Each structure stands twice: as structure tokens, then as C-alpha cells.
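Everything on this sheet refers to the single structure shown next.
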Amino acid sequence: MVMIFGKPLPLLFGQLLLGIINGSFYAMLSMGLAIIFGLLNIINFAHGAMFMVGAFVAWGLFTYLGIGFWAALVCAPIIVGVFGLLLERAFIRRIYKLDILYGLLLTFGMAQVLQGLATNYFGSSGVSYNAPNALSGVLKLGFMYLPVYRGFVVVAAIIICFVTWFAVEKTRLGALLRAATENPSLVQSFGVNVPRLIALTFGAGVALAALAGVLAAPLYSVNPDMGAQLIDTVFAVVVIGGMGSIGGAILTGFGLGIIEGFTDVFYPQGSAVVVFVVMAIVLLARPAGLFGKVA
Amino acid sequence: MDVTRRTILGSAAAATAASLPILKARAAGKFLTIGVCSDFSGTYSDVGGETSVACVRQALEDYGATAKGYNVKVIKGDHQNKPDVGAGLARQWFDSGVDLLIDVPNSAVGLAIAGVAAAKNKAYINSNAATSALTGPKCNANTIHWTYDTYMLSHSTGGAMVAAGGKSWYFITANYAFGQLLRDQTSAVIKAAGGTVVGGVAYPFPQTTDFSSFLVQAQSSGAQVLGLANAGKDTVNSIKQAHQFGITQSGMKIAGLLIYLNDVHGMGLDIAQGLVLTESFYWNMNDKTRAFTKRVLPKTPNNYPSMAQAGCYSGTLHFMKAVDAIGIDAANKSGIAIVEQMKKMPTDDDAFGHCSVREDGRFMCPSYLFRVKKPGESNIPWDYYDLLHTTPADQTFAPLATEGCPLVKA
């Protein structure tokens with residue numbers, strides 16, 4: 001058997017694939033964060049909580065209404081997105097003009113409240129949510145067994161990332177959004193309703209988190225802490241990619257997933273810190289992040 | 001708010017008034033305070049938390065504390081899974097007159113509080129932490145370890161898996177005191193029975209949610225048994241993901257070394273079916289356990305009691321009997337006196353039946369090896385286990401001489 005650094009090659013192939021799978025969650029979550037930060041200048045600490053709420057909504061839709069996975073993939077992000085719009089209107093709108101730290105504190109508080117409520121209602125062990133039958137089962141790839149559902153997640157994540165990147169960077173709506181954040185009064189003078197545009201952006205960012213939550217529900221235990229456990233890493237991804245850079249967030253997300261996958265094989269104890277080691281090195285070498293525009 | 005002299009005086013008066021009832025009641029009658037120190041918001045809040053408080057209250061009710069002239073106040077506090085927070089809370093409680101501190105999931109916090117209880121000479125019943133060090137090198141005259149420990153889990157579940165032919169093992173371990181101890185004790189059991197440990201990974205706790213990498217490594221190791229030396233959500237996640245990667249379908253068996261009823265509930269029977277696990281209490285064992293569960297359930301957040309929570313019931317009931325035996329004045333004065341009395345008397349309650357407390361502070365009860373039912377076999381809510389084997393109390397826990405408890409030498 002071919003060995004690299006004392007590990008069999010098939011095992012390393014397996015880890016590469018698993019890294020890409022985990023990376024797709026990092027990419028989807030960090031993309032939403034990057035959009036909200038890039039366009040609204042809010043460091044949204046509630047993003048992990050929205051991811052968690054998305055997973056619980058999918059579970060609730062199935063448990064109480066019998067609505068299955070495919071429909072939840074559409075319904076849950078819309079429900080959570082509308083919830084995000086309400087939060088934006090009630091709270092976040094009031095702090096756009098304040099220092100960026102206020103947004104951080106406010107959203108951090110929101111995350112704590114949402115997690116606390118979920119723990120209160122569902123308990124800390126969480127609930128169980130199964131993948132649809134069409135996606136259950138295992139593919140034999142020669143070097144490893146790949147659960148069909150995980151393969152689906154990678155494909156879905158790549159499509160979602162591409163569509164979002166395209167919408168923000170290449171369409172007229174995206175151009176308006178970017179213009180509105182650069183100079184809101186000028187864009188408003190062209191007859192564009194800028195506050196509504198910004199609110200919708202927040203809603204869309206939150207909906208992306210919820211969509212990732214629905215995709216994660218069959219993989220992990222659906223529990224109140226599921227977002228909080230991911231969000232630290234996801235913030236590191238955004239910082240490494242360059243705050244506000246959507247393309248950067250996507251590429252960094254996948255890249256770090258792969259690095260983490262290999263760390264799991266060579267030094268498992270370090271898998272939780274490797275992302276932050278990379279972050280420290282990147283910040284020293286390029287303070288604006290790998291894809292950031294300004295220092 | 002403006003801080004005026006009036007508000008300062010007002011709050012000072014309020015603070016004094018708040019501490020007054022304790023003094024008054026102490027003068028008037030047989031006053032006791034029980035502090036439930038647990039995880040009310042985090043990973044272990046389902047295996048401790050509000051349901052533990054409910055079990056303590058149930059014990060007082062079943063004992064008939066009020067009718068016997070006792071005025072028992074139950075207070076609760078969240079240790080947030082931090083040893084410093086737990087020890088600080090314990091110190092504050094003991095200084096303000098708490099007579100018994102009970103529950104305490106998380107081995108690190110459990111050990112920290114044992115030290116405080118000894119320093120303040122108060123009674124401490126740990127019903128929820130796993131580490132056998134509480135009755136080993138770290139034992140003291142104020143501490144009783146109720147319900148279970150790592151020795152029981154490793155010998156019962158580990159021993160049963162080896163006996164059933166699972167000779168080669170691969171471990172996935174939560175990299176902290178509890179996980180390491182559980183892995184090492186189980187490895188010793190495996191080797192003693194002629195098995196081998198072919199490898200393992202220790203993952204960072206508590207930051208890990210994705211176990212797929214470790215599971216794939218376990219799969220490629222070719223071991224017959226995958227040993228999970230972790231707890232709570234980590235165990236649920238590892239088992240769920242092992243299922244996704246076809247680990248059990250490929251013939252590898254999973255040994256979850258610490259699985260509570262609540263974890264099985266969280267996983268669902270689809271995934272949990274066939275798991276073998278060990279507990280010292282299961283609500284659906286016999287008429288008495290069912291009766292106890294029926295009484296306590298309305299007081300819980302709809303959470304059937306786990307063994308650790310039932311241990312809070314059993315421990316509190318026994319504590320009350322001991323206090324009654326030595327008298328309230330002696331009890332208020334010395335935690336050691338209460339604990340010594342608890343060791344002298346046999347225990348008897350609906351949850352655990354007839355058991356005892358050994359001189360090193362070990363609660364001696366039988367343990368039960370269960371297999372999780374298939375979805376079709378479960379007829380009523382939370383009916384999850386089939387009993388495979390009962391280990392008598394004297395074989396469930398480590399022999400007294402081998403534990404290294406200083407109390408035993410003296």
C-alpha cells in the first residue's frame with residue numbers, strides 16, 4: 001500500500017474528502033457572515049444561533065406538520081429569514097450609526113437568548129432529524145465509504161456558494177447593494193429604497209445560515225449549542241479570507257476544512273486550534289486577510 | 001438609575017432582611033438547606049439540572065420532612081462546567097449555612113467541590129460525576145459518591161463486549177480527565193480478558209462536533225469494537241455519524257461507555273437500537289422504580305430521570321434519615337457526623353432498593369447491563385431498554401483495598 005508520511009494513501013484521500021465536506025459548512029456560514037459584514041458593517045454573532053434555529057425549524061416542520069426535508073430546505077430559510085427581518089427592524093436597525101462593537105454586543109446577546117430559549121424548550125441533548133430516504137445509504141469509493149447524504153451536501157454547498165457569489169458580484173441587484181453600502185444617500189437619490197435593501201440583505205444572510213442549518217440537521221445532533229460550537233471557527237474563516245470578501249470566505253472555508261481534515265489524522269489533539277494558528281499566521285503576514293482589499 | 005443615599009440604605013436593609021429568615025428559622029425548628037449544584041444550561045443539563053432538583057424535592061416529600069418537623073430549603077446553582085465557578089459557589093453556600101451539596105455533573109467540578117466540602121466540614125453527595133477518583137486518591141470523610149463511576153462503566157460494558165467476542169478495540173476519547181480515565185480503565189479490562197487495543201484518537205473537548213475523520217480512521221484500523229470514551233452530545237454525535245458511515249453495518253460494534261437514557265432519547269431508537277450500555281437505575285425496571293418515576297415526572301421538565309438524577313433522590317432520602325438519627329444540632333454542626341451516620345445505615349428507596357455506603361464513601365448498588373430496544377419493541381414513551389445482565393454491588397465497584405483512598409488506611 002502506498003504510504004505518505006507513514007499514513008496509507010486511501011486514508012488521506014478519505015480525509016481530503018471529509019475536509020471538503022466540513023469545509024462546505026464553513027463556506028456557507030462564513031459567506032453569510034461576509035455578506036452581512038461587507039454590506040451592513042455588522043459583525044453578526046447571532047449567525048450561529050440562526051444556523052441552530054434553521055435546524056430546529058426543519059425538525060419542527062417535520063415533527064409537528066409532517067413537512068419533509070426537501071420542503072424544509074425551502075421553507076426553513078424563508079421562515080428564519082423573515083424572523084431575521086423582524087430582528088433587523090426591531091433591534092439592529094437602531095445601531096447602524098453606532099460603533100461596530102455595539103452590533104457585536106447586540107448580536108452576541110441575541111445569540112445567548114436564542115440558545116437559552118432553545119435549551120429551555122428542547123433540553124441540551126437535542127433532538128434527532130433523519131436524512132431523506134433518497135439520500136440515505138453509502139457509496140463505496142474504493143478508498144472509503146462515503147455516505148450519500150454527505151456527497152449531496154458538498155454539491156449543494158458548491159451550488160449555493162456559486163449562486164450567492166454570482167448574485168452579489170455579477171448582477172444589477174448586487175451592484176445596487178454594494179453601491180448602497182458605499183454611499184447610501186447617493187443611491188437613495190436615484191430612487192432606491194436603501195433601508196429596505198439593507199434589511200433584505202440581512203434577511204438573506206440569515207436565511208443562508210438557516211439553510212446551512214437544515215443541511216446540517218441530519219448530520220449532527222440538532223441541539224441548542226450546535227451553532228455556538230461552529231461560530232468561532234467560522235469567524236476565523238472570515239478573518240482569514242478577509243472581512244467582507246465573499247469569494248474569500250468561500251475559498252477559505254473549503255481550504256480550512258481540508259487543513260482541519262489532515263490535522264485530524266496527523267495530530268488529532270490539534271484539530272480544534274489549527275484554524276486559529278492559520279489565522280494568526282495570516283494576520284501577521286496579511287492583516288487584511290488573504291482576499292481582503294484594504295489593510 | 002441615580003444612586004442616592006436612600007437607595008443604598010434601602011438595598012442594605014433588603015439584604016439584611018433576606019438573610020433574616022434563615023436565622024429565625026434556625027432558632028425556631030429543625031432547619032436544613034440543600035444546595036443542588038449542577039449544570040442548568042450546558043451539555044449536562046439534561047442529565048442533571050432541573051430534573052435533579054425535582055428528585056431532591058421528591059425525596060423530601062417521600063420522607064415526609066415537613067410532617068416530621070423539618071423546614072428544608074432547596075436552593076440551586078449553575079456551575080457552568082467550570083471548576084472555579086463550582087468551588088466558589090460551594091464555598092459561598094457552605095458559609096451561608098448549606099448543610100448538603102448534591103448532584104454536580106462533570107468530574108473536574110465534582111473533584112473541586114469535594115475539597116471545599118472537606119475544608120468547610122459539610123456533607124457532599126456527588127451523584128453525577130463519573131471519576132472513580134472521588135472514592136480513590138481524592139476521597140474524604142465528607143464526600144459520598146452515589147450512583148456510578150468509571151470503574152463500573154469500564155468493567156460492565158467493556159467486560160461484556162470482550163466476553164461477547166469483541167477482542168480488538170479502537171478508542172475515540174474526549175481528551176480530558178474523564179475520557180482518559182475511562183479509556184485507561186477500559187483498556188485494562190480488555191487486556192486482562194485477553195483482548196487488544198489496536199489504536200485510538202483523543203480529540204479536543206469540548207470543541208469537536210464532527211467525528212467523521214476519527215470514525216474513518218477507526219474503520220480503517222480493522223478493530224472489532226469502537227470504544228467511545230466520551231459523554232453527552234459527543235457520544236450522540238459519534239454514534240449518529242458512525243451510523244452514517246456504515247460502521248455498524250460493516251460489522252464493527254460500538255461500545256458507548258457512558259450513555260444515559262436521555263442520550264438514547266436524543267438519538268432516537270432508529271440509531272440507538274442494539275447499543276449495549278450500563279446504568280444503575282432505569283425507570284422501567286420494576287413497580288417501585290415506575291412508581292417513583294410517576295411521582296417525580298410532573299415536577300420535571302418532562303424528562304424521565306436518568307440514573308444520576310435518581311441518585312439525587314436516593315441520596316437526599318438517605319441524608320434525611322441520617323440527620324434524623326444524629327439529631328439536627330449535630331447535623332447542622334458537622335458534615336462528617338452526617339456522612340459517618342449515612343455509612344452506618346443501609347439505604348432503602350424506590351429507585352435503587354436496598355444498598356449501602358462503604359467506608360471510602362462509595363454508594364454500593366448493583367449495576368445493570370442493558371441493550372437498547374428496536375423501534376418496534378418500544379411500546380410506551382421512554383421505554384428503551386432490555387436487561388441483559390445484573391452485576392451485584394460488591395462486583396460493580398473497585399475492591400476497597402485497590403482504590404488508594406487514604407480513609408481506608410486510617
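The way I read the labels, and the way they are meant: chains A, B, ... in the order of the C-alpha cells, residue 1 as the first residue of every chain, and ligand 1 as the first ligand shown, with later ones counted on from there.
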For the contact check between chain B and chain A, emit one row per residue of chain B within 6 Å, containing the shortest atom pair and the distance in Å rounded to one decimal, counting only C-alpha atoms, chain then rising number order, as a Markdown table.
```
| residue | atom | partner | partner_atom | distance |
| --- | --- | --- | --- | --- |
| B:Thr43 | CA | A:Ser124 | CA | 5.7 |
| B:Asp46 | CA | A:Ser124 | CA | 5.8 |
| B:Tyr203 | CA | A:Gln269 | CA | 5.2 |
| B:Pro204 | CA | A:Gln269 | CA | 5.4 |
| B:Asn237 | CA | A:Ser221 | CA | 5.7 |
| B:Gln244 | CA | A:Pro147 | CA | 5.9 |
| B:Phe245 | CA | A:Pro147 | CA | 5.7 |
| B:Gly266 | CA | A:Val127 | CA | 5.0 |
| B:Met267 | CA | A:Ser128 | CA | 5.6 |
```
Output file for the residues above (C-alpha atoms, as a compact mmCIF listing (two decimals), in the first residue's frame):
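And here's again19.txt as it stands now:
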```
# COMPACT_ATOMS: atom_id res chain seq x y z
CA THR B 43 -24.05 19.97 27.91
CA ASP B 46 -30.45 17.09 30.74
CA TYR B 203 -10.00 14.63 20.25
CA PRO B 204 -10.19 18.17 21.67
CA ASN B 237 -22.84 12.78 17.60
CA GLN B 244 -23.95 7.36 8.57
CA PHE B 245 -20.54 5.93 7.66
CA GLY B 266 -31.95 12.32 21.86
CA MET B 267 -30.59 9.85 19.31
```
Item to check | Selection: 8 Å around Thr201 in chain A, only C-alpha atoms, excl. self and same-chain fewer than 4 positions, as a list in words | outcome: Ile35, Ile36, Leu39, Leu197 and Gly205 of chain A
Those selected residues, please, written with N, CA and C atoms and delivered as an mmCIF file, in the first residue's frame.
```cif
data_model
loop_
_atom_site.group_PDB
_atom_site.id
_atom_site.type_symbol
_atom_site.label_atom_id
_atom_site.label_comp_id
_atom_site.auth_asym_id
_atom_site.auth_seq_id
_atom_site.Cartn_x
_atom_site.Cartn_y
_atom_site.Cartn_z
ATOM 1 N N ILE A 35 -21.312 38.557 3.858
ATOM 2 C CA ILE A 35 -22.298 39.431 3.215
ATOM 3 C C ILE A 35 -22.808 40.460 4.220
ATOM 4 N N ILE A 36 -23.181 39.977 5.402
ATOM 5 C CA ILE A 36 -23.751 40.889 6.397
ATOM 6 C C ILE A 36 -22.700 41.905 6.839
ATOM 7 N N LEU A 39 -21.785 44.324 3.687
ATOM 8 C CA LEU A 39 -22.812 45.243 3.230
ATOM 9 C C LEU A 39 -23.449 46.039 4.365
ATOM 10 N N LEU A 197 -33.506 47.682 1.219
ATOM 11 C CA LEU A 197 -32.484 46.880 0.573
ATOM 12 C C LEU A 197 -31.557 46.251 1.631
ATOM 13 N N GLY A 205 -28.892 36.983 4.430
ATOM 14 C CA GLY A 205 -27.726 36.415 5.115
ATOM 15 C C GLY A 205 -28.154 35.415 6.169
#
```
Listing only residues of range 139-189 of chain B within 12 Å of range 210-217 of chain B, what is the closest atom pair and its distance in Å (to one decimal) for each, using only C-alpha atoms, sorted by chain and residue number ascending, as a Markdown table?
```
| residue | atom | partner | partner_atom | distance |
| --- | --- | --- | --- | --- |
| B:Tyr170 | CA | B:Gln217 | CA | 9.3 |
| B:Phe171 | CA | B:Phe214 | CA | 9.4 |
| B:Ile172 | CA | B:Phe214 | CA | 7.2 |
| B:Thr173 | CA | B:Phe214 | CA | 10.0 |
| B:Ala174 | CA | B:Phe211 | CA | 11.2 |
```
Selected residues written out with N, CA and C atoms, as a PDB file, in the first residue's frame:
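Now in out18.pdb:
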```
ATOM      1  N   TYR B 170     -10.690  -0.061  19.238  1.00  0.00           N
ATOM      2  CA  TYR B 170     -10.160   1.234  18.826  1.00  0.00           C
ATOM      3  C   TYR B 170     -10.925   2.286  19.626  1.00  0.00           C
ATOM      4  N   PHE B 171     -10.188   3.223  20.249  1.00  0.00           N
ATOM      5  CA  PHE B 171     -10.862   4.190  21.127  1.00  0.00           C
ATOM      6  C   PHE B 171     -10.967   5.583  20.498  1.00  0.00           C
ATOM      7  N   ILE B 172     -12.123   6.192  20.653  1.00  0.00           N
ATOM      8  CA  ILE B 172     -12.266   7.626  20.387  1.00  0.00           C
ATOM      9  C   ILE B 172     -12.524   8.276  21.746  1.00  0.00           C
ATOM     10  N   THR B 173     -11.588   9.125  22.173  1.00  0.00           N
ATOM     11  CA  THR B 173     -11.578   9.598  23.552  1.00  0.00           C
ATOM     12  C   THR B 173     -11.692  11.119  23.633  1.00  0.00           C
ATOM     13  N   ALA B 174     -12.565  11.610  24.523  1.00  0.00           N
ATOM     14  CA  ALA B 174     -12.610  13.037  24.834  1.00  0.00           C
ATOM     15  C   ALA B 174     -11.356  13.356  25.640  1.00  0.00           C
TER      16      ALA B 174
END
```
Item to check | Residues flagged alpha helix (DSSP H) by DSSP in range 103-289 of chain A, as an MDAnalysis selection string | outcome: chainID A and resid 103:122 148:170 172:182 184:189 194:216 226:241 246:266 274:285
Checklist entry - To one decimal place, how far is CA of Ala163 in chain B from CA of Leu181 in chain B in Å? => result 21.5 Å
Item to check | Given only C-alpha atoms as the counted atoms, nearest of A:Phe162, A:Phe202, A:Phe254, A:Phe51 to Ala111 in chain A | outcome: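 Checking each of A:Phe162, A:Phe202, A:Phe254, A:Phe51 against Ala111 in chain A, counting only C-alpha atoms, the winner is A:Phe51.
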Please return as an mmCIF file with C-alpha atoms, in the first residue's frame: the residues of range 133-304 of chain B that backbone DSSP assigns to strand (DSSP E).
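Final file, out32.cif:
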```
data_model
loop_
_atom_site.group_PDB
_atom_site.id
_atom_site.type_symbol
_atom_site.label_atom_id
_atom_site.label_comp_id
_atom_site.auth_asym_id
_atom_site.auth_seq_id
_atom_site.Cartn_x
_atom_site.Cartn_y
_atom_site.Cartn_z
ATOM 1 C CA THR B 143 -17.927 13.018 50.373
ATOM 2 C CA ILE B 144 -20.179 10.216 49.182
ATOM 3 C CA HIS B 145 -20.107 9.168 45.537
ATOM 4 C CA SER B 168 -9.730 -5.846 19.395
ATOM 5 C CA TRP B 169 -10.627 -2.254 20.219
ATOM 6 C CA TYR B 170 -10.160 1.234 18.826
ATOM 7 C CA PHE B 171 -10.862 4.190 21.127
ATOM 8 C CA ILE B 172 -12.266 7.626 20.387
ATOM 9 C CA THR B 173 -11.578 9.598 23.552
ATOM 10 C CA ALA B 174 -12.610 13.037 24.834
ATOM 11 C CA THR B 196 -6.029 -5.868 22.500
ATOM 12 C CA VAL B 197 -6.280 -2.129 21.890
ATOM 13 C CA VAL B 198 -5.145 -1.547 18.313
ATOM 14 C CA GLY B 199 -5.257 2.230 18.336
ATOM 15 C CA GLY B 200 -7.203 5.343 19.137
ATOM 16 C CA VAL B 201 -7.543 9.094 18.878
ATOM 17 C CA ALA B 202 -8.003 11.704 21.591
ATOM 18 C CA TYR B 203 -9.998 14.632 20.247
ATOM 19 C CA VAL B 225 -15.082 -2.772 18.659
ATOM 20 C CA LEU B 226 -15.193 1.008 18.600
ATOM 21 C CA GLY B 227 -14.915 2.258 22.208
ATOM 22 C CA LEU B 228 -16.383 5.699 22.854
ATOM 23 C CA ALA B 229 -14.771 7.222 25.951
ATOM 24 C CA LYS B 253 -19.553 -2.968 17.219
ATOM 25 C CA ILE B 254 -19.940 0.261 19.169
ATOM 26 C CA ALA B 255 -19.281 0.373 22.906
ATOM 27 C CA GLY B 256 -20.642 3.649 24.275
ATOM 28 C CA VAL B 276 -25.125 -2.043 24.943
ATOM 29 C CA LEU B 277 -24.778 0.215 27.984
ATOM 30 C CA THR B 278 -24.655 0.208 31.767
ATOM 31 C CA GLU B 279 -26.760 2.104 34.308
#
```
Next on the checklist: Could you list, as a VMD selection string, every residue within 7 Å of Gly244 in chain A, counting only C-alpha atoms and ignoring same-chain residues fewer than 6 positions away?
Outcome noted: chain A and resid 34 to 35 37 to 38
Could you dump the residues just selected with N, CA and C atoms as a PDB file, in the first residue's frame?
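File written: again_26.pdb
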```pdb
ATOM      1  N   ALA A  34     -19.943  37.143   5.801  1.00  0.00           N
ATOM      2  CA  ALA A  34     -19.206  38.106   4.988  1.00  0.00           C
ATOM      3  C   ALA A  34     -20.168  39.072   4.315  1.00  0.00           C
ATOM      4  N   ILE A  35     -21.312  38.557   3.858  1.00  0.00           N
ATOM      5  CA  ILE A  35     -22.298  39.431   3.215  1.00  0.00           C
ATOM      6  C   ILE A  35     -22.808  40.460   4.220  1.00  0.00           C
ATOM      7  N   PHE A  37     -21.461  41.442   6.999  1.00  0.00           N
ATOM      8  CA  PHE A  37     -20.430  42.396   7.409  1.00  0.00           C
ATOM      9  C   PHE A  37     -20.084  43.350   6.268  1.00  0.00           C
ATOM     10  N   GLY A  38     -19.908  42.791   5.077  1.00  0.00           N
ATOM     11  CA  GLY A  38     -19.487  43.607   3.948  1.00  0.00           C
ATOM     12  C   GLY A  38     -20.507  44.664   3.591  1.00  0.00           C
TER      13      GLY A  38
END
```
Checklist entry - Looking at B:Gly86, B:Gly268, B:Gly69, B:Pro366, which one is nearest to Phe31 in chain B, with distances taken over only C-alpha atoms? => result B:Gly69
So that each row is one residue of range 71-109 of chain B with an atom at most 12 Å from range 334-343 of chain B, can you give its shortest atom pair and the distance in Å to one decimal, using only C-alpha atoms, rows by chain and rising number, as a tab-separated table?
```
residue	atom	partner	partner_atom	distance
B:Phe94	CA	B:Gly335	CA	10.4
B:Gly97	CA	B:Ser334	CA	11.4
B:Val98	CA	B:Gly335	CA	10.3
B:Asp99	CA	B:Gly335	CA	7.2
B:Leu100	CA	B:Gly335	CA	7.9
B:Leu101	CA	B:Gly335	CA	10.3
```
Selection above as a file: C-alpha atoms, as a PDB file, in the first residue's frame:
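Now in part-v4.pdb:
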```pdb
ATOM      1  CA  PHE B  94     -21.397  26.387  52.904  1.00  0.00           C
ATOM      2  CA  GLY B  97     -25.401  27.594  56.077  1.00  0.00           C
ATOM      3  CA  VAL B  98     -25.991  24.995  53.352  1.00  0.00           C
ATOM      4  CA  ASP B  99     -25.898  21.560  55.025  1.00  0.00           C
ATOM      5  CA  LEU B 100     -25.780  19.294  51.969  1.00  0.00           C
ATOM      6  CA  LEU B 101     -24.461  19.909  48.466  1.00  0.00           C
TER       7      LEU B 101
END
```
Next on the checklist: List as a list of chain:residue names the protein and nucleic acid residues near Gly191 in chain A, meaning an atom at most 12 Å away when only C-alpha atoms are counted, but skip any in the same chain fewer than 6 places from it.
Outcome noted: A:Leu176, A:Ala180, A:Pro184, A:Ser185, A:Leu197
For the residues selected in the previous step, produce a file with C-alpha atoms as a tab-separated table (two decimals), in the first residue's frame.
```tsv
chain	number	residue	atom	x	y	z
A	176	LEU	CA	-27.01	48.26	-6.15
A	180	ALA	CA	-25.81	51.36	-1.21
A	184	PRO	CA	-26.39	55.25	0.80
A	185	SER	CA	-27.57	58.81	0.25
A	197	LEU	CA	-32.48	46.88	0.57
```
Checklist outcome for this item: Using only C-alpha atoms, the best pick from A:Leu104, A:Leu215, A:Leu40, A:Ile20 as closest to Arg178 in chain A would be A:Leu40
I'd like the neighbourhood of Gln273 in chain B as a tab-separated table (two decimals) with C-alpha atoms, in the first residue's frame, where a residue qualifies if any of its atoms comes within 7 Å (using only C-alpha atoms), though same-chain residues fewer than 6 positions away should be ignored.
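As a result, selection-v9.tsv now contains:
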```tsv
chain	number	residue	atom	x	y	z
B	372	VAL	CA	-31.36	-0.61	23.57
B	373	LYS	CA	-34.62	-1.82	22.04
B	374	LYS	CA	-35.53	-1.78	18.36
```
Checklist entry - Nearest to Tyr384 in chain B among B:Ala272, B:Leu32, B:Ala164, B:Ala90, with distances taken over only C-alpha atoms: which residue is it? => result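 Closest candidate: B:Ala272.
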Item to check | Distance in Å - CA of Pro406 in chain B versus CA of Phe352 in chain B | outcome: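 Value for the CA of Pro406 in chain B-CA of Phe352 in chain B distance: 27.7 Å.
A straight line drawn from CA of Tyr368 in chain B to CA of Val408 in chain B is 27.2 Å long.
Taking only C-alpha atoms, the non-local environment of Thr316 in chain B within 9 Å (same-chain residues fewer than 5 positions away omitted) comprises Ile34, Cys55, Val56, Arg57, Ala59, Leu60, Leu100, Ile102, Ile125, Gly311 and Lys321 of chain B.
If you count only C-alpha atoms and ignore residues fewer than 4 places along the chain from Thr289 in chain B, what sits within 7 Å of it is Trp283, Asn284, Met285, Thr293, Asp350 and Ala351 of chain B.
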Item to check | Among listed residues B:Cys365, B:Val357, B:Ala331, B:Val104, nearest Met152 in chain B (using only C-alpha atoms) | outcome: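 Selected residue with least distance to Met152 in chain B: B:Cys365.
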